[in-house]
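Here is entry13.txt, consisting of compact mmCIF, C-alpha atoms:
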```txt
# COMPACT_ATOMS: atom_id res chain seq x y z
CA MET E 9 8.52 -44.11 -40.39
CA SER E 10 10.64 -41.01 -41.09
CA THR E 11 14.23 -41.58 -42.23
CA VAL E 12 15.23 -37.94 -41.70
CA GLN E 13 18.13 -37.56 -39.30
CA ILE E 14 17.19 -35.29 -36.42
CA SER E 15 20.24 -33.61 -34.92
CA ALA E 16 20.59 -32.55 -31.31
CA ALA E 17 21.15 -28.99 -32.58
CA ASP E 18 17.75 -29.02 -34.34
CA VAL E 19 16.05 -30.34 -31.22
CA ASN E 20 17.71 -27.68 -29.09
CA LYS E 21 16.81 -24.92 -31.57
CA LEU E 22 13.15 -25.99 -31.48
CA ARG E 23 13.25 -26.20 -27.70
CA GLN E 24 14.73 -22.69 -27.44
CA GLN E 25 12.01 -21.26 -29.69
CA THR E 26 9.02 -23.06 -28.20
CA GLY E 27 10.02 -23.87 -24.64
CA ALA E 28 8.73 -27.43 -25.10
CA GLY E 29 10.58 -30.41 -23.60
CA MET E 30 13.45 -32.15 -25.41
CA MET E 31 11.50 -35.34 -26.09
CA ASP E 32 8.46 -33.40 -27.33
CA CYS E 33 10.68 -31.39 -29.69
CA LYS E 34 12.37 -34.51 -31.02
CA LYS E 35 9.01 -36.21 -31.58
CA ALA E 36 7.68 -33.10 -33.36
CA LEU E 37 10.65 -33.04 -35.73
CA ILE E 38 10.32 -36.77 -36.43
CA GLU E 39 6.58 -36.48 -37.06
CA THR E 40 7.13 -33.58 -39.49
CA ASN E 41 10.16 -35.09 -41.29
CA GLY E 42 12.46 -32.40 -39.94
CA ASP E 43 10.36 -29.49 -41.19
CA PHE E 44 11.10 -26.89 -38.53
CA GLU E 45 8.05 -24.64 -39.10
CA ALA E 46 5.76 -27.65 -39.29
CA ALA E 47 7.27 -28.89 -36.02
CA VAL E 48 6.48 -25.56 -34.38
CA ASP E 49 2.86 -25.90 -35.55
CA TYR E 50 2.79 -29.50 -34.32
CA LEU E 51 3.82 -28.39 -30.84
CA ARG E 52 1.32 -25.51 -30.85
CA LYS E 53 -1.46 -27.94 -31.75
CA LYS E 54 -0.29 -30.24 -29.00
CA GLY E 55 -0.51 -27.26 -26.66
CA ALA E 56 -4.09 -26.65 -27.78
CA LYS E 57 -4.90 -30.30 -27.04
CA VAL E 58 -3.39 -29.98 -23.57
CA ALA E 59 -5.40 -26.80 -23.00
CA ALA E 60 -8.63 -28.51 -24.06
CA SER E 61 -7.96 -31.46 -21.78
CA ARG E 62 -7.42 -29.20 -18.76
CA GLN E 63 -10.41 -26.87 -19.12
CA ASP E 64 -12.15 -28.46 -16.14
CA ARG E 65 -9.14 -27.96 -13.87
CA ASP E 66 -9.03 -25.26 -11.19
CA SER E 67 -6.46 -22.53 -11.78
CA ASN E 68 -6.55 -20.46 -8.60
CA GLU E 69 -2.82 -19.87 -8.29
CA GLY E 70 -0.86 -17.35 -10.33
CA VAL E 71 0.33 -13.76 -10.15
CA VAL E 72 -1.17 -10.26 -10.15
CA ILE E 73 0.81 -7.52 -11.91
CA ALA E 74 0.04 -3.79 -11.56
CA LYS E 75 1.82 -1.13 -13.63
CA ALA E 76 1.42 2.49 -14.71
CA THR E 77 2.38 4.26 -17.92
CA ALA E 78 5.62 6.25 -17.97
CA ASP E 79 3.70 9.52 -17.57
CA GLY E 80 1.70 8.11 -14.65
CA LYS E 81 -1.64 8.97 -16.23
CA ARG E 82 -2.96 5.43 -16.67
CA GLY E 83 -2.51 2.08 -14.96
CA VAL E 84 -3.43 -1.55 -15.56
CA VAL E 85 -3.64 -4.61 -13.34
CA VAL E 86 -3.67 -8.16 -14.74
CA GLU E 87 -4.21 -11.53 -13.03
CA LEU E 88 -2.61 -14.49 -14.81
CA ASN E 89 -3.63 -17.83 -13.31
CA CYS E 90 -2.17 -21.33 -13.24
CA GLU E 91 -2.93 -24.51 -11.29
CA THR E 92 -0.02 -24.72 -8.82
CA ASP E 93 2.05 -22.46 -6.62
CA PHE E 94 5.16 -24.12 -8.10
CA VAL E 95 4.39 -22.71 -11.56
CA ALA E 96 3.29 -19.34 -10.13
CA LYS E 97 6.74 -18.86 -8.60
CA ASN E 98 8.52 -19.76 -11.85
CA ALA E 99 10.43 -16.79 -13.32
CA ASP E 100 9.21 -17.56 -16.85
CA PHE E 101 5.57 -17.52 -15.72
CA VAL E 102 6.05 -14.17 -13.95
CA ALA E 103 7.80 -12.84 -17.07
CA LEU E 104 4.83 -13.92 -19.20
CA ALA E 105 2.43 -12.05 -16.89
CA ASN E 106 4.65 -8.97 -17.13
CA LYS E 107 4.70 -9.27 -20.92
CA PHE E 108 0.89 -9.26 -21.07
CA THR E 109 0.75 -6.31 -18.65
CA ASP E 110 3.30 -4.34 -20.67
CA LEU E 111 1.23 -4.99 -23.79
CA ALA E 112 -1.86 -3.64 -22.02
CA ILE E 113 0.10 -0.55 -20.97
CA GLU E 114 1.25 -0.01 -24.54
CA GLN E 115 -1.99 -0.76 -26.43
CA ASN E 116 -4.63 0.31 -23.87
CA PRO E 117 -7.26 -2.37 -24.58
CA ALA E 118 -10.78 -1.53 -23.40
CA SER E 119 -11.56 -4.96 -21.95
CA LEU E 120 -10.17 -8.41 -21.15
CA GLU E 121 -11.53 -9.66 -24.47
CA ALA E 122 -9.70 -6.88 -26.28
CA LEU E 123 -6.47 -7.73 -24.44
CA LEU E 124 -6.75 -11.40 -25.46
CA ALA E 125 -7.12 -10.32 -29.09
CA LEU E 126 -3.95 -8.20 -29.11
CA GLU E 127 -0.83 -9.61 -30.73
CA ILE E 128 2.78 -10.08 -29.68
CA ASP E 129 5.12 -10.75 -32.62
CA GLY E 130 2.13 -11.62 -34.81
CA GLN E 131 0.57 -14.04 -32.32
CA LYS E 132 -2.63 -13.34 -30.38
CA VAL E 133 -2.43 -13.29 -26.60
CA SER E 134 -5.12 -16.00 -26.50
CA ASP E 135 -2.97 -18.25 -28.69
CA ILE E 136 0.13 -17.54 -26.60
CA ILE E 137 -1.84 -18.68 -23.55
CA ILE E 138 -2.83 -21.93 -25.30
CA GLU E 139 0.75 -22.50 -26.42
CA ASN E 140 2.08 -21.97 -22.89
CA THR E 141 -0.55 -24.29 -21.48
CA GLY E 142 1.05 -26.97 -23.67
CA LYS E 143 4.56 -26.04 -22.55
CA ILE E 144 3.77 -25.83 -18.87
CA GLY E 145 1.27 -28.68 -18.72
CA GLU E 146 -1.14 -26.67 -16.57
CA LYS E 147 -4.26 -24.69 -17.35
CA ILE E 148 -3.32 -21.00 -17.49
CA GLY E 149 -5.33 -17.92 -18.37
CA ILE E 150 -5.96 -14.24 -17.69
CA SER E 151 -8.95 -14.07 -15.38
CA LYS E 152 -9.01 -10.35 -14.54
CA PHE E 153 -7.98 -7.11 -16.22
CA GLU E 154 -8.68 -3.64 -14.88
CA THR E 155 -7.52 -0.14 -15.78
CA VAL E 156 -7.80 3.34 -14.28
CA ALA E 157 -6.76 6.82 -15.42
CA GLY E 158 -6.09 10.06 -13.57
CA GLU E 159 -3.71 12.95 -13.07
CA LYS E 160 -1.47 10.54 -11.16
CA VAL E 161 -1.89 6.76 -11.10
CA VAL E 162 0.14 4.78 -8.57
CA PRO E 163 0.45 0.97 -8.88
CA TYR E 164 1.24 -1.37 -5.99
CA ILE E 165 1.93 -5.11 -5.82
CA HIS E 166 1.61 -6.84 -2.46
CA GLY E 167 2.59 -10.25 -1.11
CA ASN E 168 4.79 -11.74 -3.84
CA TYR E 169 2.39 -10.92 -6.70
CA ARG E 170 -0.71 -12.10 -4.82
CA LEU E 171 -2.51 -8.75 -4.80
CA GLY E 172 -2.38 -5.69 -7.06
CA VAL E 173 -3.76 -2.20 -6.51
CA LEU E 174 -4.14 0.88 -8.73
CA VAL E 175 -4.86 4.28 -7.21
CA ALA E 176 -5.84 7.30 -9.35
CA LEU E 177 -5.42 10.76 -7.80
CA ASN E 178 -6.64 14.15 -9.00
CA GLN E 179 -3.27 15.94 -8.72
CA ASP E 180 0.33 15.27 -9.73
CA VAL E 181 2.27 17.41 -7.28
CA ALA E 182 5.10 16.94 -4.79
CA GLY E 183 4.40 14.13 -2.33
CA VAL E 184 1.65 12.51 -4.38
CA GLU E 185 3.67 9.42 -5.36
CA GLU E 186 4.43 8.56 -1.73
CA ALA E 187 0.86 9.36 -0.63
CA GLY E 188 -0.46 7.18 -3.43
CA LYS E 189 1.67 4.27 -2.21
CA ASP E 190 0.33 4.73 1.32
CA ILE E 191 -3.25 4.72 0.01
CA ALA E 192 -2.56 1.66 -2.16
CA MET E 193 -1.29 -0.20 0.92
CA GLN E 194 -4.40 0.95 2.80
CA ILE E 195 -6.59 -0.50 0.03
CA ALA E 196 -4.61 -3.74 0.05
CA ALA E 197 -5.02 -4.13 3.81
CA MET E 198 -8.53 -2.78 4.38
CA ASN E 199 -10.30 -3.80 1.14
CA PRO E 200 -12.80 -0.91 0.90
CA VAL E 201 -16.02 -1.66 -1.00
CA ALA E 202 -16.21 1.82 -2.55
CA LEU E 203 -14.50 5.20 -2.73
CA ASP E 204 -17.05 7.24 -0.73
CA LYS E 205 -20.53 6.92 0.78
CA GLY E 206 -22.26 7.90 -2.45
CA ASP E 207 -20.42 5.20 -4.38
CA VAL E 208 -21.83 2.26 -2.41
CA ASP E 209 -24.40 0.43 -4.54
CA ALA E 210 -28.01 0.32 -3.41
CA THR E 211 -28.01 -3.47 -2.99
CA THR E 212 -25.14 -3.30 -0.49
CA ILE E 213 -26.82 -0.50 1.46
CA GLU E 214 -30.08 -2.45 1.61
CA ARG E 215 -28.29 -5.60 2.76
CA GLU E 216 -26.31 -3.80 5.47
CA THR E 217 -29.43 -1.98 6.69
CA GLU E 218 -31.44 -5.22 6.94
CA ILE E 219 -28.61 -6.98 8.78
CA ALA E 220 -28.38 -4.08 11.21
CA LYS E 221 -32.15 -4.12 11.85
CA GLU E 222 -32.15 -7.86 12.53
CA GLN E 223 -29.27 -7.46 14.98
CA ILE E 224 -31.05 -4.62 16.78
CA ARG E 225 -34.30 -6.58 17.04
CA ALA E 226 -32.38 -9.62 18.30
CA GLU E 227 -31.01 -7.42 21.07
CA GLY E 228 -34.58 -6.68 22.14
CA LYS E 229 -34.57 -2.97 21.30
CA PRO E 230 -38.00 -1.28 20.88
CA GLU E 231 -39.24 -1.16 17.28
CA GLU E 232 -39.41 2.65 17.33
CA MET E 233 -35.65 2.75 17.91
CA VAL E 234 -34.73 0.30 15.15
CA GLU E 235 -34.53 2.80 12.27
CA LYS E 236 -32.42 5.30 14.22
CA ILE E 237 -29.96 2.71 15.51
CA ALA E 238 -29.77 1.09 12.03
CA ALA E 239 -28.83 4.47 10.54
CA GLY E 240 -26.01 4.73 13.07
CA LYS E 241 -24.77 1.26 12.16
CA LEU E 242 -24.89 2.18 8.47
CA ASN E 243 -22.72 5.23 9.18
CA LYS E 244 -20.27 2.92 10.96
CA PHE E 245 -20.27 0.70 7.85
CA TYR E 246 -19.42 3.71 5.69
CA LYS E 247 -16.55 4.61 8.02
CA ASP E 248 -15.14 1.09 7.99
CA SER E 249 -15.76 0.20 4.36
CA THR E 250 -15.45 3.29 2.14
CA LEU E 251 -11.90 4.40 1.38
CA LEU E 252 -12.04 8.15 1.99
CA ASN E 253 -13.86 7.65 5.32
CA GLN E 254 -11.65 4.87 6.64
CA GLU E 255 -9.29 5.52 9.51
CA PHE E 256 -5.85 6.01 7.95
CA VAL E 257 -3.83 2.91 8.86
CA LYS E 258 -0.53 4.79 9.34
CA ASP E 259 -2.09 7.53 11.52
CA SER E 260 -5.31 6.68 13.35
CA SER E 261 -5.85 10.33 14.33
CA LYS E 262 -7.17 11.09 10.83
CA ASP E 263 -9.19 9.48 8.08
CA VAL E 264 -7.92 8.93 4.54
CA ARG E 265 -9.67 12.06 3.26
CA LYS E 266 -7.86 14.25 5.80
CA PHE E 267 -4.51 12.54 5.18
CA LEU E 268 -4.77 13.31 1.48
CA ASN E 269 -5.82 16.92 2.04
CA ASP E 270 -2.94 17.38 4.48
CA THR E 271 -0.55 16.08 1.80
CA ALA E 272 -1.78 18.61 -0.78
CA ASN E 273 -4.77 20.91 -0.56
CA GLY E 274 -7.72 19.33 -2.38
CA LEU E 275 -5.86 16.07 -3.10
CA THR E 276 -8.21 13.09 -3.33
CA VAL E 277 -8.60 9.66 -4.90
CA THR E 278 -10.76 9.60 -8.02
CA ALA E 279 -10.72 5.82 -8.60
CA PHE E 280 -9.08 2.62 -7.44
CA LYS E 281 -8.91 -1.05 -8.37
CA ARG E 282 -7.93 -3.96 -6.15
CA ILE E 283 -7.36 -7.46 -7.53
CA GLN E 284 -6.54 -10.31 -5.16
CA LEU E 285 -5.34 -13.64 -6.46
CA GLY E 286 -8.18 -16.17 -6.62
CA ALA E 287 -10.73 -13.77 -5.08
```
Can I see the file as structure tokens?
Amino acid sequence: MSTVQISAADVNKLRQQTGAGMMDCKKALIETNGDFEAAVDYLRKKGAKVAASRQDRDSNEGVVIAKATADGKRGVVVELNCETDFVAKNADFVALANKFTDLAIEQNPASLEALLALEIDGQKVSDIIIENTGKIGEKIGISKFETVAGEKVVPYIHGNYRLGVLVALNQDVAGVEEAGKDIAMQIAAMNPVALDKGDVDATTIERETEIAKEQIRAEGKPEEMVEKIAAGKLNKFYKDSTLLNQEFVKDSSKDVRKFLNDTANGLTVTAFKRIQLGA
């Protein structure tokens, strides 16, 4: 049994540094005979144990953060998950997600794995996640990370951090920022599967064509008409589901392609990313 006197000031100092509970901090200092650095390690190991014990838990709550670089040439979107809505709404949890997103903006990692390997104050992001799992008592983790680049990248966060969008445009001229926001809101609401017709993958086209043919046959249409009608249905799919061909939500008299060209001659979207919490 340790005979070292643990002061309330030491406990509070450890709590301020680690974010762990008062009783956990006191126990850590007792177990390490008042050695502050050893107590920090003790709590981090405890966090790792908590993380290991919660690996089978669902973590479908959380926040999605989307940001662009100061020059607007690159953007990132990060989804940080937790188990409960209560934790997701906590200011410290949102701040942690913002910290990871800011790091991605600064360091430009090529993948989620690369982001997890980056360091903040000498500590890897993956270790910070484990440590915070111990503090919070819930399984947390970064499940998605996306990035886009362009002449002008506009980020958008929708629904109290539940959905994030990045839109990359081919021009950075007057009116592009506002247009980009409108397009980001369009993407959030309409969830396009691709940018344009040519960007839809072959598997999706095949699936939509087969569904259309089965519907047509079920309606009793002659077999010689099936291909023609299916082609028409596929064109309707392109109009509904590819961004540039979608009806512009804020003005149904034009599609997104025309809205962009009306904003600035030749203006178009070159890429977009949409991350929805838990999807």
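In this comparison, which uses only C-alpha atoms, the residue of E:Ile148, E:Ala99, E:Ala76, E:Ile224 approaching Glu185 in chain E most closely is E:Ala76.
The residue that comes closest to Asn273 in chain E, out of E:Ile195, E:Ala96, E:Leu123, E:Val181 and on the basis of only C-alpha atoms, is E:Val181.
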Give me the residues within 10 Å of Met198 in chain E as a PyMOL selection string, counting all atoms listed in the file and dropping any in the same chain fewer than 4 places off.
chain E and resi 192-194+248-251+254-257
Closest of E:Pro200, E:Gly70, E:Gly158, E:Gly228 to Glu146 in chain E, counting only C-alpha atoms, is E:Gly70
Work out how far CA of Glu186 in chain E is from CA of Val156 in chain E, in Å to one decimal.
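Atom-to-atom, CA of Val156 in chain E to CA of Glu186 in chain E, that is 18.3 Å.
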At a cut-off of 8 Å, using all atoms listed in the file, what residues contact range 207-216 of chain E? Leave out same-chain residues fewer than 6 positions from it and give the result as a list of chain:residue names.
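Contacts, in chain order: E:Val201, E:Leu242, E:Phe245, E:Thr250.
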Take the residues from that selection and put them in a file with C-alpha atoms, as a CSV table (one decimal), in the coordinates of the input.
```csv
chain,number,residue,atom,x,y,z
E,201,VAL,CA,-16.0,-1.7,-1.0
E,242,LEU,CA,-24.9,2.2,8.5
E,245,PHE,CA,-20.3,0.7,7.8
E,250,THR,CA,-15.4,3.3,2.1
```
